[in-house]
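Enquirer: Dropping the structure in here first, questions after.
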Amino acid sequence: MKIVCVGAGPAGLYFAISAKLRDAGHEISVLERDPPGATYGWGVVYWDDLLDTLYINDRESAQRIRAASTVWQDQVVAIHGERAYLSGYGYSVNRAVLLDELTRRALQLGVDVQHERAVDDIAEFADADLVVIADGANSRNRQRYAEQFGTELSQGRNPYIWLGTRRVFDEFTFGYEQTPHGWIWFHAYPSSAGVSTFIVECQEETWRALGFEELDDAATTRLLAEIFDEHLAGHALISAARGRPASWQRFTQVHNQTWRHANAVLIGDAAHTTHFTIGSGTRLAMIDALVLAEKLHEHDQPGNALKEFDGEGHAAMRVVQAAARTSMAWFEDVDRYTDRNAVDFCFAMSSRSGLQPPWRYQAHRLTQNPLVRKALRVYCKGLRWLGARRRGESWKRPDTVSPP
């Protein structure tokens, strides 16, 4: 097949890799508007389920991604000068490094990756067997055919900005601060050695009252560093991440009635988005890529593959997008819960996507005990060791890497 992928993000690149692995005869091009290394954002998070899938699909790229990742253990919620805890662990990897590794693997497999190659209308690829639209939530090509895809867009209410810091957060940390104009909070986790991702969010009224609408990049990071000084331990906030400075955004919810039209198919954020507070965007994009490649391999006719991919994908996304919408709504009304102590607030935050049995609250209170937390950390380390053994990873290697 002659395949054109529009967008060199995790979805487009991993689809090209997965399709090439299944049939090296495919002629695949990945076209990216931006230059190499220009990517918005800092780190992305994932868990063992994605890592297991990546190792099964392509051990080569999975090893590179894991080697570039760092581990965080436990989640911490800091509010009212108190701290509460949630057990568990996950992985994070610098987004630019992730894209570098996927690009390197795609090129190794014979994929034609072209940067600074804008695509304004997929009609220019009418001779291709398949056009994969993977150029993100703000996809211009999807919007050009919005009627055919049945595209529905809406925006979340809260402004947010994606920053970095040299303050290393070993735990996934949520920090809440009350200002004279309302609450403002951050989500922080390690991106690579010596660097952490630092996402700041607040309600619209607070954002306007604090003057962020008028502040430039330097003034914005300076004011946020002052607000979160205790959490940052004197470290500054960094705006630019191998690209243009970060800007305030409002989350774009993307839904499409269908992901296919003519010889084109949507994947990743171009097809669907999930709010960043559930940390699934990159995982879902790469799973889309893998599943689409597998469907094309299973079916002789691309149309049958796309129909099956579309139907099964929409069914799988219903529950995920519902949870993401619920999570976003909780943070948009966070001040309903801020009168609670840290332990109760933490429980409300952790159970925001669904009803919980009564015993779970008691279990949550139990995990605040330092000895119980220590035991759970040992247990989680054992789970990581078992997972690494099952995948054939080398356990005796550092969990952090040098910053890019």
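We name chains A, B, ... following the order of the structure tokens; residues begin at 1 in each chain, and ligands are numbered from 1 as shown.
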Could you pull out the alpha helix (DSSP H) residues of region 314-357 of chain A, going by DSSP on the backbone, and write them as a list in words?

Expert: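 Across region 314-357 of chain A, those assigned alpha helix (DSSP H) are His314, Ala315, Ala316, Met317, Arg318, Val319, Val320, Gln321, Ala322, Ala323, Ala324, Arg325, Thr326, Ser327, Met328, Ala329, Trp330, Phe331, Glu332, Ala342, Val343, Asp344, Phe345, Cys346, Phe347, Ala348, Met349 and Ser350 of chain A.
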
Enquirer: Please identify every residue of region 132-246 of chain A that has at least one atom no farther than 10 Å from an atom of region 27-46 of chain A, counting only C-alpha atoms, and for each give the shortest atom pair and the distance in Å to one decimal, arranged by chain then increasing number, as CSV.

Expert:
residue,atom,partner,partner_atom,distance
A:Val132,CA,A:Val30,CA,9.1
A:Ala134,CA,A:Val30,CA,9.6
A:Asp135,CA,A:Glu32,CA,8.1
A:Ile161,CA,A:Gly41,CA,9.3
A:Trp162,CA,A:Gly41,CA,6.0
A:Leu163,CA,A:Trp42,CA,7.1
A:Gly164,CA,A:Trp42,CA,6.5
A:Thr165,CA,A:Trp42,CA,9.8
A:Phe172,CA,A:Val45,CA,10.0
A:Ala188,CA,A:Gly43,CA,9.7
A:Tyr189,CA,A:Gly43,CA,8.0
A:Pro190,CA,A:Gly43,CA,7.3
A:Ser191,CA,A:Gly43,CA,4.6
A:Ser192,CA,A:Gly43,CA,7.9
A:Val195,CA,A:Trp42,CA,8.9
A:Ser196,CA,A:Gly43,CA,7.5
A:Thr197,CA,A:Trp42,CA,5.6
A:Phe198,CA,A:Trp42,CA,8.3
A:Ile199,CA,A:Trp42,CA,9.4
A:Ser239,CA,A:Gly41,CA,9.2
A:Ala240,CA,A:Tyr40,CA,8.3
A:Ala241,CA,A:Gly41,CA,6.5
A:Arg242,CA,A:Ala38,CA,5.7
A:Gly243,CA,A:Ala38,CA,4.8
A:Arg244,CA,A:Tyr40,CA,7.5
A:Pro245,CA,A:Tyr40,CA,8.5
A:Ala246,CA,A:Tyr40,CA,7.3

Enquirer: What's the 8 Å shell around His80 (chain A), counting only C-alpha atoms, without same-chain residues fewer than 2 positions away, as number ranges by chain?

Expert: A: 78, 82, 176-177, 341-342

Enquirer: For Lys2 (chain A), work out the shell of residues within 12 Å, counting only C-alpha atoms and skipping chain neighbours fewer than 5 positions away, then give it as a compact mmCIF listing (two decimals) with C-alpha atoms, in the first residue's frame.

Expert:
# COMPACT_ATOMS: atom_id res chain seq x y z
CA ALA A 16 4.18 3.98 10.45
CA ALA A 19 2.50 -0.93 9.64
CA LYS A 20 6.06 -1.38 8.36
CA ASP A 23 4.50 -5.48 5.82
CA ALA A 24 7.85 -3.98 4.83
CA GLY A 25 6.47 -3.54 1.31
CA HIS A 26 4.25 -0.63 2.34
CA GLU A 27 5.40 2.73 0.96
CA ILE A 28 4.87 5.01 3.96
CA SER A 29 5.54 8.73 4.26
CA VAL A 30 5.13 10.76 7.46
CA VAL A 111 9.69 5.14 6.53
CA ASP A 112 10.07 8.46 4.70
CA PHE A 125 -2.97 12.46 -1.95
CA ALA A 126 -5.93 11.13 -3.91
CA ASP A 127 -3.62 8.50 -5.43
CA ALA A 128 -2.67 7.08 -2.00
CA ASP A 129 -4.31 3.90 -0.76
CA LEU A 130 -4.62 5.46 2.68
CA VAL A 131 -4.14 8.87 4.31
CA VAL A 132 -3.74 8.76 8.09
CA ASN A 263 -9.28 7.13 1.65
CA PRO A 302 -8.56 -1.21 3.35

Enquirer: Quick one: of A:Trp185, A:Phe149, A:Trp248, A:Trp259, who's nearest to Phe331 (chain A), counting only C-alpha atoms?

Expert: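 For Phe331 (chain A), the nearest of the given residues is A:Trp185.
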
Enquirer: Give one line per residue of region 76-110 of chain A that approaches region 346-365 of chain A to at most 9 Å, naming the two atoms of the closest pair and their distance in Å to one decimal, counting only C-alpha atoms; sort by chain then ascending residue number and deliver it as CSV.

Expert:
residue,atom,partner,partner_atom,distance
A:Val76,CA,A:Cys346,CA,8.4
A:Val77,CA,A:Cys346,CA,6.1
A:Ala78,CA,A:Cys346,CA,8.6
A:Arg83,CA,A:Cys346,CA,8.8
A:Ala84,CA,A:Cys346,CA,6.3
A:Tyr85,CA,A:Cys346,CA,7.4
A:Leu86,CA,A:His364,CA,7.6

Enquirer: DSSP on the backbone, strand (DSSP E or B) only: what residues of region 134-339 of chain A does that give? Format it as an MDAnalysis selection string.

Expert: chainID A and resid 151:165 172:179 182:192 195:202 237:238 249:256 260:261 264:266

Enquirer: Near Cys380 (chain A), counting only C-alpha atoms, which residues have an atom at most 10 Å away, once you skip same-chain residues fewer than 2 positions from it, shown as a list in words?

Expert: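 In the requested form, the answer reads Gln73, Asp74, Ser87, Gly88, Tyr89, Lys374, Ala375, Leu376, Arg377, Val378, Gly382, Leu383, Arg384, Trp385 and Leu386 of chain A.
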
Enquirer: Since we have the selection now, will you write its residues out, keeping N, CA, C and O atoms, as a PDB file, in the first residue's frame?

Expert:
ATOM      1  N   GLN A  73       6.883   7.264  41.900  1.00  0.00           N
ATOM      2  CA  GLN A  73       6.134   6.388  42.790  1.00  0.00           C
ATOM      3  C   GLN A  73       5.359   7.212  43.808  1.00  0.00           C
ATOM      4  O   GLN A  73       5.906   8.119  44.424  1.00  0.00           O
ATOM      5  N   ASP A  74       4.101   6.886  43.948  1.00  0.00           N
ATOM      6  CA  ASP A  74       3.145   7.575  44.820  1.00  0.00           C
ATOM      7  C   ASP A  74       2.667   8.877  44.183  1.00  0.00           C
ATOM      8  O   ASP A  74       3.353   9.506  43.382  1.00  0.00           O
ATOM      9  N   SER A  87      -1.224   5.625  46.705  1.00  0.00           N
ATOM     10  CA  SER A  87      -0.153   4.701  46.354  1.00  0.00           C
ATOM     11  C   SER A  87      -0.189   4.384  44.860  1.00  0.00           C
ATOM     12  O   SER A  87      -1.173   4.649  44.168  1.00  0.00           O
ATOM     13  N   GLY A  88       0.882   3.807  44.368  1.00  0.00           N
ATOM     14  CA  GLY A  88       0.977   3.437  42.963  1.00  0.00           C
ATOM     15  C   GLY A  88       2.231   4.014  42.329  1.00  0.00           C
ATOM     16  O   GLY A  88       3.003   4.740  42.961  1.00  0.00           O
ATOM     17  N   TYR A  89       2.438   3.687  41.074  1.00  0.00           N
ATOM     18  CA  TYR A  89       3.619   4.186  40.358  1.00  0.00           C
ATOM     19  C   TYR A  89       3.292   4.306  38.877  1.00  0.00           C
ATOM     20  O   TYR A  89       2.271   3.797  38.390  1.00  0.00           O
ATOM     21  N   LYS A 374       5.054   2.773  53.342  1.00  0.00           N
ATOM     22  CA  LYS A 374       6.336   2.131  53.089  1.00  0.00           C
ATOM     23  C   LYS A 374       6.131   0.710  52.576  1.00  0.00           C
ATOM     24  O   LYS A 374       6.803   0.266  51.630  1.00  0.00           O
ATOM     25  N   ALA A 375       5.188  -0.009  53.175  1.00  0.00           N
ATOM     26  CA  ALA A 375       4.909  -1.373  52.731  1.00  0.00           C
ATOM     27  C   ALA A 375       4.365  -1.381  51.305  1.00  0.00           C
ATOM     28  O   ALA A 375       4.723  -2.250  50.490  1.00  0.00           O
ATOM     29  N   LEU A 376       3.508  -0.423  50.992  1.00  0.00           N
ATOM     30  CA  LEU A 376       2.954  -0.350  49.644  1.00  0.00           C
ATOM     31  C   LEU A 376       4.023  -0.008  48.608  1.00  0.00           C
ATOM     32  O   LEU A 376       3.982  -0.505  47.473  1.00  0.00           O
ATOM     33  N   ARG A 377       4.986   0.812  48.990  1.00  0.00           N
ATOM     34  CA  ARG A 377       6.075   1.129  48.061  1.00  0.00           C
ATOM     35  C   ARG A 377       6.909  -0.118  47.757  1.00  0.00           C
ATOM     36  O   ARG A 377       7.316  -0.335  46.614  1.00  0.00           O
ATOM     37  N   VAL A 378       7.149  -0.920  48.782  1.00  0.00           N
ATOM     38  CA  VAL A 378       7.873  -2.181  48.566  1.00  0.00           C
ATOM     39  C   VAL A 378       7.072  -3.093  47.650  1.00  0.00           C
ATOM     40  O   VAL A 378       7.612  -3.724  46.735  1.00  0.00           O
ATOM     41  N   GLY A 382       8.017  -4.465  43.878  1.00  0.00           N
ATOM     42  CA  GLY A 382       7.946  -5.860  43.470  1.00  0.00           C
ATOM     43  C   GLY A 382       7.159  -6.041  42.183  1.00  0.00           C
ATOM     44  O   GLY A 382       7.541  -6.831  41.306  1.00  0.00           O
ATOM     45  N   LEU A 383       6.056  -5.297  42.052  1.00  0.00           N
ATOM     46  CA  LEU A 383       5.275  -5.368  40.818  1.00  0.00           C
ATOM     47  C   LEU A 383       6.095  -4.890  39.624  1.00  0.00           C
ATOM     48  O   LEU A 383       6.035  -5.481  38.533  1.00  0.00           O
ATOM     49  N   ARG A 384       6.856  -3.814  39.814  1.00  0.00           N
ATOM     50  CA  ARG A 384       7.700  -3.315  38.720  1.00  0.00           C
ATOM     51  C   ARG A 384       8.755  -4.333  38.343  1.00  0.00           C
ATOM     52  O   ARG A 384       9.057  -4.536  37.160  1.00  0.00           O
ATOM     53  N   TRP A 385       9.326  -4.988  39.348  1.00  0.00           N
ATOM     54  CA  TRP A 385      10.345  -6.008  39.078  1.00  0.00           C
ATOM     55  C   TRP A 385       9.742  -7.169  38.283  1.00  0.00           C
ATOM     56  O   TRP A 385      10.342  -7.628  37.297  1.00  0.00           O
ATOM     57  N   LEU A 386       8.553  -7.619  38.681  1.00  0.00           N
ATOM     58  CA  LEU A 386       7.900  -8.710  37.964  1.00  0.00           C
ATOM     59  C   LEU A 386       7.570  -8.304  36.530  1.00  0.00           C
ATOM     60  O   LEU A 386       7.748  -9.088  35.586  1.00  0.00           O
TER      61      LEU A 386
END

Enquirer: Write out as a list in words the residues lying within 12 Å of Leu50 (chain A), counting only C-alpha atoms and excluding same-chain residues fewer than 5 positions away.

Expert: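 Within the cut-off, the hits are Val45, Tyr55, Ile56, Asn57, Asp58, Ala62, Ile65, Arg66, Gly90, Tyr91, Ser92, Gly279, Ser280, Gly281, Thr282, Arg283, Leu284, Ala285, Met286, Ile287, Asp288, Leu290, Gly387 and Arg391 of chain A.
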
Enquirer: As an exercise, work out the distance from CA of Arg105 (chain A) to CA of Glu393 (chain A) in Å and give it to one decimal place.

Expert: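 Pair CA of Arg105 (chain A) / CA of Glu393 (chain A) returns 18.7 Å.
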
Enquirer: Give the answer as one residue: which of A:Ala289, A:Ile278, A:Ala305, A:Ala219 has the shortest atom-to-atom distance to Ala323 (chain A), using only C-alpha atoms?

Expert: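 That would be A:Ile278, the residue with the smallest distance to Ala323 (chain A).
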
Enquirer: Taking into account only C-alpha atoms, which residue in the set A:Gly110, A:Met317, A:Gly194, A:Lys307 is nearest to Val168 (chain A)?

Expert: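 Checking each candidate against Val168 (chain A), we get A:Gly194 as the closest.
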
Enquirer: Measuring between only C-alpha atoms, which one of A:Gln108, A:Ser139, A:Asn94, A:Thr53 shows the shortest distance to Gly7 (chain A)?

Expert: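 Between A:Gln108, A:Ser139, A:Asn94, A:Thr53, the residue approaching Gly7 (chain A) most closely is A:Ser139.
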
Enquirer: Quote the spacing between CA of Ala270 (chain A) and CA of Thr173 (chain A) in Å to one decimal place.

Expert: 29.0 Å

Enquirer: Which is closer to Trp72 (chain A) than all the others in A:Leu224, A:Leu292, A:Lys381, A:Leu306, using only C-alpha atoms?

Expert: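 Residue with the minimum atom-to-atom distance to Trp72 (chain A): A:Lys381.
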